[in-house]
Amino acid sequence: MNIYANILLKIPMKRISTSSSTLLHPSNHSFIKSLFNSNHTVTVARFRSHSSASNRQINVFDFKAYMLEKVTAVNQALDSALPLANPIGIHEAMRYSLLSGGKRICPIVCLAACRLVGGDESAAMPSACALEMIHAMSLMHDDLPCMDDDDLRRGRPSSHVVFGERAAVLAGYALLARAFEHIATATQGTAPPGRIVRVVDEIARLIGPEGVVGGQVADLKCGGGGGGGGLEQLEYIHLHKTAASVEASAVAGAVLGGACEEEIDRLRKYSRCTGLMFQVVDDILDVTKSSEELGKTSGKDKVADKMTYPKLIGIDKSRDYVHKLNKEAQDQLLGFDPEKAAPLIALANYIVHRQK
């Protein structure tokens with residue numbers, strides 16, 4: 001037994017059930033449906049088919065059905081990608097956060113981007129899973145007392161509350177390592193090696209100090225006391241801490257799908273706008289929704305006197321900015337096959353109108 005195994009055995013971890021009967025198991029359709037409630041005002045995208053001019057018709061994209069299908073597929077892939085293994089305790093902590101539900105926006109952006117440029121989604125699924133592993137890691141660490149200090153995530157206790165802080169840190173590291181291992185091993189045979197290497201490079205860069213980590217550092221510096229920054233600083237934080245993850249997802253899917261550089265650049269811009277839009281909406285929801293509605297602690301930004309869009313420009317102007325970003329994002333999809341672009345259009349619209 002090596003030194004790391006000895007350390008893990010000494011960390012107290014609460015044992016939890018990870019059987020197929022748990023509430024948030026990948027096959028639990030009722031939970032997935034609740035994320036994309038029919039009350040959302042925009043859940044479809046309309047596009048013209050490529051039939052002859054005389055037979056051209058308007059088709060309606062069923063966003064809710066699409067998300068149900070893709071979230072279920074991603075959750076099943078995640079369940080298979082991270083089975084219970086020894087050491088049991090650390091794997092339970094990893095699975096607790098990874099399989100705890102969620103919108104799966106990054107994996108779905110990855111899959112949709114791959115299909116948009118003519119690729120096979122199966123080639124992008126390992127990267128889609130890896131991106132969700134990285135996202136789960138970032139949430140686990142973000143919730144720690146030394147970071148954002150949040151005890152609630154996705155409607156249930158955060159990882160460090162259940163397993164302890166040391167276990168949450170180690171489980172996060174393990175998820176990050178597993179993510180890149182999964183890309184390297186599970187993508188073999190579905191995409192050329194050069195594309196796989198580029199995906200690893202893009203993801204590593206966008207989650208590191210030039211991306212997510214850099215955004216988190218800037219966020220911690222501005223946390224509390226009014227932050228001492230303005231809109232430019234706030235946009236920097238959100239573009240790096242949140243939008244960079246969406247950008248990594250879109251670029252990974254596009255690369256694996258065989259996109260040209262011009263297509264990759266357009267999807268990069270789409271994802272930056274969409275990721276920033278997601279965070280502006282998050283700022284709005286933090287002051288307009290309850291903890292029960294959000295599944296996480298609401299009102300924390302105001303209590304901590306954090307810099308947010310509603311604080312700097314008000315709720316109405318924040319909502320106007322969301323719609324501006326949505327238009328800019330969708331403009332990047334013009335010229336692509338409308339049917340293949342429909343999921344990304346509908347996803348952007350969903351982000352605008354989401355309620356949690």
# chains A, B, ... in the order shown; residues from 1 in each chain; ligands from 1

call {"tool": "residues_around", "arguments": {"residues": "range 175-180 of chain A", "least_positions_apart": "4", "cutoff": "10 Å", "atoms": "only C-alpha atoms", "output": "PyMOL selection string"}}
result
chain A and resi 81-82+91+93-95+97-98+126-138+170-171+184-186+199-200+203-204

call {"tool": "write_last_selection", "arguments": {"atoms": "N, CA, C and O atoms", "output": "compact mmCIF listing (two decimals), in the first residue's frame"}}
result
# COMPACT_ATOMS: atom_id res chain seq x y z
N ALA A 81 -17.97 5.98 -16.97
CA ALA A 81 -16.59 6.46 -16.99
C ALA A 81 -15.96 6.49 -15.60
O ALA A 81 -14.74 6.48 -15.47
N LEU A 82 -16.80 6.51 -14.56
CA LEU A 82 -16.27 6.58 -13.20
C LEU A 82 -16.99 5.57 -12.31
O LEU A 82 -17.80 5.92 -11.45
N HIS A 91 -13.59 7.39 -4.35
CA HIS A 91 -14.45 7.23 -5.52
C HIS A 91 -15.90 7.62 -5.20
O HIS A 91 -16.60 8.17 -6.07
N ALA A 93 -16.73 9.95 -3.10
CA ALA A 93 -16.71 11.42 -3.08
C ALA A 93 -16.71 11.98 -4.50
O ALA A 93 -17.38 12.97 -4.80
N MET A 94 -15.96 11.34 -5.39
CA MET A 94 -15.91 11.78 -6.79
C MET A 94 -17.28 11.63 -7.44
O MET A 94 -17.77 12.53 -8.11
N ARG A 95 -17.89 10.46 -7.24
CA ARG A 95 -19.18 10.19 -7.87
C ARG A 95 -20.30 11.05 -7.26
O ARG A 95 -21.24 11.43 -7.96
N SER A 97 -20.25 14.16 -6.38
CA SER A 97 -20.32 15.46 -7.05
C SER A 97 -20.56 15.31 -8.55
O SER A 97 -21.28 16.10 -9.16
N LEU A 98 -19.95 14.31 -9.15
CA LEU A 98 -20.07 14.15 -10.60
C LEU A 98 -21.47 13.76 -11.03
O LEU A 98 -21.98 14.22 -12.06
N PRO A 126 -16.28 11.30 -24.95
CA PRO A 126 -15.27 11.25 -23.89
C PRO A 126 -14.85 12.64 -23.41
O PRO A 126 -14.68 12.87 -22.21
N SER A 127 -14.69 13.58 -24.35
CA SER A 127 -14.32 14.94 -23.96
C SER A 127 -15.47 15.62 -23.23
O SER A 127 -15.25 16.40 -22.29
N ALA A 128 -16.71 15.33 -23.65
CA ALA A 128 -17.87 15.88 -22.97
C ALA A 128 -17.89 15.43 -21.51
O ALA A 128 -18.14 16.22 -20.59
N CYS A 129 -17.61 14.16 -21.29
CA CYS A 129 -17.55 13.63 -19.91
C CYS A 129 -16.40 14.27 -19.13
O CYS A 129 -16.54 14.62 -17.96
N ALA A 130 -15.26 14.40 -19.79
CA ALA A 130 -14.10 15.01 -19.14
C ALA A 130 -14.39 16.43 -18.71
O ALA A 130 -14.00 16.86 -17.61
N LEU A 131 -15.08 17.18 -19.56
CA LEU A 131 -15.42 18.56 -19.22
C LEU A 131 -16.35 18.63 -18.01
O LEU A 131 -16.23 19.53 -17.19
N GLU A 132 -17.25 17.67 -17.89
CA GLU A 132 -18.13 17.64 -16.72
C GLU A 132 -17.36 17.24 -15.47
O GLU A 132 -17.64 17.73 -14.37
N MET A 133 -16.37 16.36 -15.61
CA MET A 133 -15.52 16.01 -14.48
C MET A 133 -14.77 17.25 -13.98
O MET A 133 -14.68 17.50 -12.77
N ILE A 134 -14.25 18.03 -14.92
CA ILE A 134 -13.53 19.25 -14.56
C ILE A 134 -14.47 20.26 -13.92
O ILE A 134 -14.12 20.92 -12.93
N HIS A 135 -15.68 20.36 -14.46
CA HIS A 135 -16.67 21.27 -13.90
C HIS A 135 -17.04 20.86 -12.48
O HIS A 135 -17.13 21.71 -11.57
N ALA A 136 -17.23 19.56 -12.26
CA ALA A 136 -17.55 19.07 -10.92
C ALA A 136 -16.42 19.40 -9.95
O ALA A 136 -16.66 19.80 -8.80
N MET A 137 -15.18 19.21 -10.41
CA MET A 137 -14.02 19.55 -9.58
C MET A 137 -14.03 21.02 -9.19
O MET A 137 -13.82 21.38 -8.03
N SER A 138 -14.34 21.88 -10.18
CA SER A 138 -14.31 23.32 -9.90
C SER A 138 -15.40 23.72 -8.89
O SER A 138 -15.18 24.59 -8.05
N LEU A 170 -9.05 16.33 -2.35
CA LEU A 170 -8.43 15.19 -3.02
C LEU A 170 -9.34 14.62 -4.12
O LEU A 170 -8.86 14.24 -5.19
N ALA A 171 -10.63 14.57 -3.85
CA ALA A 171 -11.56 14.07 -4.86
C ALA A 171 -11.57 14.99 -6.08
O ALA A 171 -11.69 14.54 -7.21
N ALA A 184 -7.70 10.85 -23.24
CA ALA A 184 -6.59 10.16 -23.90
C ALA A 184 -6.93 8.72 -24.25
O ALA A 184 -6.53 8.22 -25.32
N THR A 185 -7.66 8.04 -23.38
CA THR A 185 -7.91 6.61 -23.60
C THR A 185 -9.22 6.34 -24.35
O THR A 185 -9.26 5.51 -25.25
N ALA A 186 -10.28 7.05 -23.99
CA ALA A 186 -11.60 6.74 -24.56
C ALA A 186 -11.82 7.33 -25.95
O ALA A 186 -12.74 6.91 -26.66
N VAL A 199 -7.24 19.00 -28.40
CA VAL A 199 -8.32 19.11 -27.40
C VAL A 199 -7.72 19.18 -26.00
O VAL A 199 -8.14 20.01 -25.17
N VAL A 200 -6.77 18.31 -25.72
CA VAL A 200 -6.11 18.32 -24.41
C VAL A 200 -5.47 19.68 -24.16
O VAL A 200 -5.58 20.27 -23.07
N ILE A 203 -8.27 22.48 -23.61
CA ILE A 203 -8.95 22.37 -22.32
C ILE A 203 -8.00 22.75 -21.19
O ILE A 203 -8.37 23.51 -20.28
N ALA A 204 -6.77 22.24 -21.24
CA ALA A 204 -5.80 22.55 -20.18
C ALA A 204 -5.54 24.05 -20.09
O ALA A 204 -5.46 24.62 -18.99

call {"tool": "residues_around", "arguments": {"residues": "Leu206 in chain A", "least_positions_apart": "4", "cutoff": "12 Å", "atoms": "only C-alpha atoms", "output": "NGL selection string"}}
result
:A and (131 or 134 or 199-202 or 210-215 or 239-252 or 268 or 272)

call {"tool": "residues_around", "arguments": {"residues": "range 322-334 of chain A", "least_positions_apart": "3", "cutoff": "6 Å", "atoms": "only C-alpha atoms", "output": "PyMOL selection string"}}
result
chain A and resi 266+270+273+277+319

call {"tool": "closest_residue", "arguments": {"among": "A:Glu263, A:Asp79, A:Asp150, A:Glu69", "to": "Cys114 in chain A", "atoms": "only C-alpha atoms"}}
result
A:Glu263

call {"tool": "select_by_dssp", "arguments": {"residues": "range 200-288 of chain A", "states": "alpha helix (DSSP H)", "output": "ChimeraX atom specification"}}
result
/A:200-207,212-222,231-238,244-256,261-288

call {"tool": "residues_around", "arguments": {"residues": "Val281 in chain A", "least_positions_apart": "5", "cutoff": "9 Å", "atoms": "only C-alpha atoms", "output": "list in words"}}
result
Leu276, Asp286, Ser318, Arg319, Val322, Ile351, Val352, His353, Arg354 and Gln355 of chain A

call {"tool": "write_last_selection", "arguments": {"atoms": "N, CA, C and O atoms", "output": "short mmCIF file (atom, residue, chain, number, x, y, z; two decimals), in the first residue's frame"}}
result
data_model
loop_
_atom_site.label_atom_id
_atom_site.label_comp_id
_atom_site.auth_asym_id
_atom_site.auth_seq_id
_atom_site.Cartn_x
_atom_site.Cartn_y
_atom_site.Cartn_z
N LEU A 276 -20.68 34.11 -20.72
CA LEU A 276 -20.85 35.37 -20.00
C LEU A 276 -22.32 35.61 -19.70
O LEU A 276 -22.68 36.04 -18.59
N ASP A 286 -29.52 35.33 -8.33
CA ASP A 286 -29.05 35.36 -6.95
C ASP A 286 -29.83 36.37 -6.11
O ASP A 286 -29.96 36.20 -4.88
N SER A 318 -29.11 44.79 -16.56
CA SER A 318 -28.47 43.47 -16.61
C SER A 318 -29.24 42.57 -17.56
O SER A 318 -28.64 41.83 -18.36
N ARG A 319 -30.56 42.62 -17.49
CA ARG A 319 -31.38 41.81 -18.40
C ARG A 319 -31.22 42.27 -19.85
O ARG A 319 -31.18 41.45 -20.78
N VAL A 322 -28.08 40.76 -21.12
CA VAL A 322 -28.28 39.34 -21.43
C VAL A 322 -28.82 39.18 -22.85
O VAL A 322 -28.33 38.34 -23.62
N ILE A 351 -30.75 29.62 -21.65
CA ILE A 351 -29.94 30.30 -20.65
C ILE A 351 -30.53 31.65 -20.30
O ILE A 351 -30.55 32.07 -19.13
N VAL A 352 -31.04 32.36 -21.31
CA VAL A 352 -31.65 33.66 -21.08
C VAL A 352 -32.82 33.56 -20.13
O VAL A 352 -33.01 34.40 -19.23
N HIS A 353 -33.64 32.52 -20.29
CA HIS A 353 -34.90 32.42 -19.56
C HIS A 353 -34.89 31.42 -18.41
O HIS A 353 -35.93 31.18 -17.81
N ARG A 354 -33.73 30.84 -18.10
CA ARG A 354 -33.70 29.83 -17.04
C ARG A 354 -34.07 30.45 -15.71
O ARG A 354 -33.87 31.65 -15.46
N GLN A 355 -34.61 29.62 -14.83
CA GLN A 355 -35.09 30.08 -13.53
C GLN A 355 -34.31 29.46 -12.36
O GLN A 355 -34.66 29.67 -11.21
#

call {"tool": "residues_around", "arguments": {"residues": "Asp149 in chain A", "least_positions_apart": "4", "cutoff": "10 Å", "atoms": "only C-alpha atoms", "output": "list in words"}}
result
His141, Asp142, Asp143, Leu144, Pro145, Ser158, His160 and Lys300 of chain A

call {"tool": "atom_distance", "arguments": {"atom1": "CA of Ala259 in chain A", "atom2": "CA of Lys103 in chain A"}}
result
25.7 Å

call {"tool": "closest_residue", "arguments": {"among": "A:Pro157, A:Lys306, A:Lys289, A:Cys260", "to": "Cys222 in chain A", "atoms": "only C-alpha atoms"}}
result
A:Lys306

call {"tool": "closest_residue", "arguments": {"among": "A:Gly275, A:Pro107, A:Val280, A:Ala218", "to": "Ala348 in chain A", "atoms": "only C-alpha atoms"}}
result
A:Gly275

call {"tool": "closest_residue", "arguments": {"among": "A:Leu220, A:Val197, A:Ile105, A:Ala123", "to": "Cys146 in chain A", "atoms": "only C-alpha atoms"}}
result
A:Leu220

call {"tool": "select_by_dssp", "arguments": {"residues": "range 131-355 of chain A", "states": "strand (DSSP E or B)", "output": "PyMOL selection string"}}
result
chain A and resi 152-153+156-157+188+191

call {"tool": "write_last_selection", "arguments": {"atoms": "N, CA and C atoms", "output": "PDB file, in the first residue's frame"}}
result
ATOM      1  N   LEU A 152     -24.285  24.355   0.199  1.00  0.00           N
ATOM      2  CA  LEU A 152     -25.363  23.778  -0.605  1.00  0.00           C
ATOM      3  C   LEU A 152     -25.002  23.841  -2.078  1.00  0.00           C
ATOM      4  N   ARG A 153     -25.166  22.710  -2.765  1.00  0.00           N
ATOM      5  CA  ARG A 153     -24.871  22.648  -4.194  1.00  0.00           C
ATOM      6  C   ARG A 153     -25.857  21.688  -4.857  1.00  0.00           C
ATOM      7  N   ARG A 156     -28.421  19.881  -2.559  1.00  0.00           N
ATOM      8  CA  ARG A 156     -28.036  19.004  -1.455  1.00  0.00           C
ATOM      9  C   ARG A 156     -26.683  19.452  -0.895  1.00  0.00           C
ATOM     10  N   PRO A 157     -26.254  18.890   0.256  1.00  0.00           N
ATOM     11  CA  PRO A 157     -25.023  19.357   0.883  1.00  0.00           C
ATOM     12  C   PRO A 157     -23.815  19.270  -0.053  1.00  0.00           C
ATOM     13  N   GLN A 188      -9.468   7.318 -28.319  1.00  0.00           N
ATOM     14  CA  GLN A 188      -8.653   6.576 -29.288  1.00  0.00           C
ATOM     15  C   GLN A 188      -9.536   5.789 -30.242  1.00  0.00           C
ATOM     16  N   ALA A 191     -11.070   9.516 -33.309  1.00  0.00           N
ATOM     17  CA  ALA A 191     -10.578  10.780 -33.864  1.00  0.00           C
ATOM     18  C   ALA A 191      -9.073  10.664 -34.077  1.00  0.00           C
TER      19      ALA A 191
END

call {"tool": "atom_distance", "arguments": {"atom1": "CA of Leu256 in chain A", "atom2": "CA of Ala112 in chain A"}}
result
11.4 Å

call {"tool": "closest_residue", "arguments": {"among": "A:Val117, A:Gly89, A:Phe278, A:Ile237", "to": "Asn349 in chain A", "atoms": "only C-alpha atoms"}}
result
A:Phe278
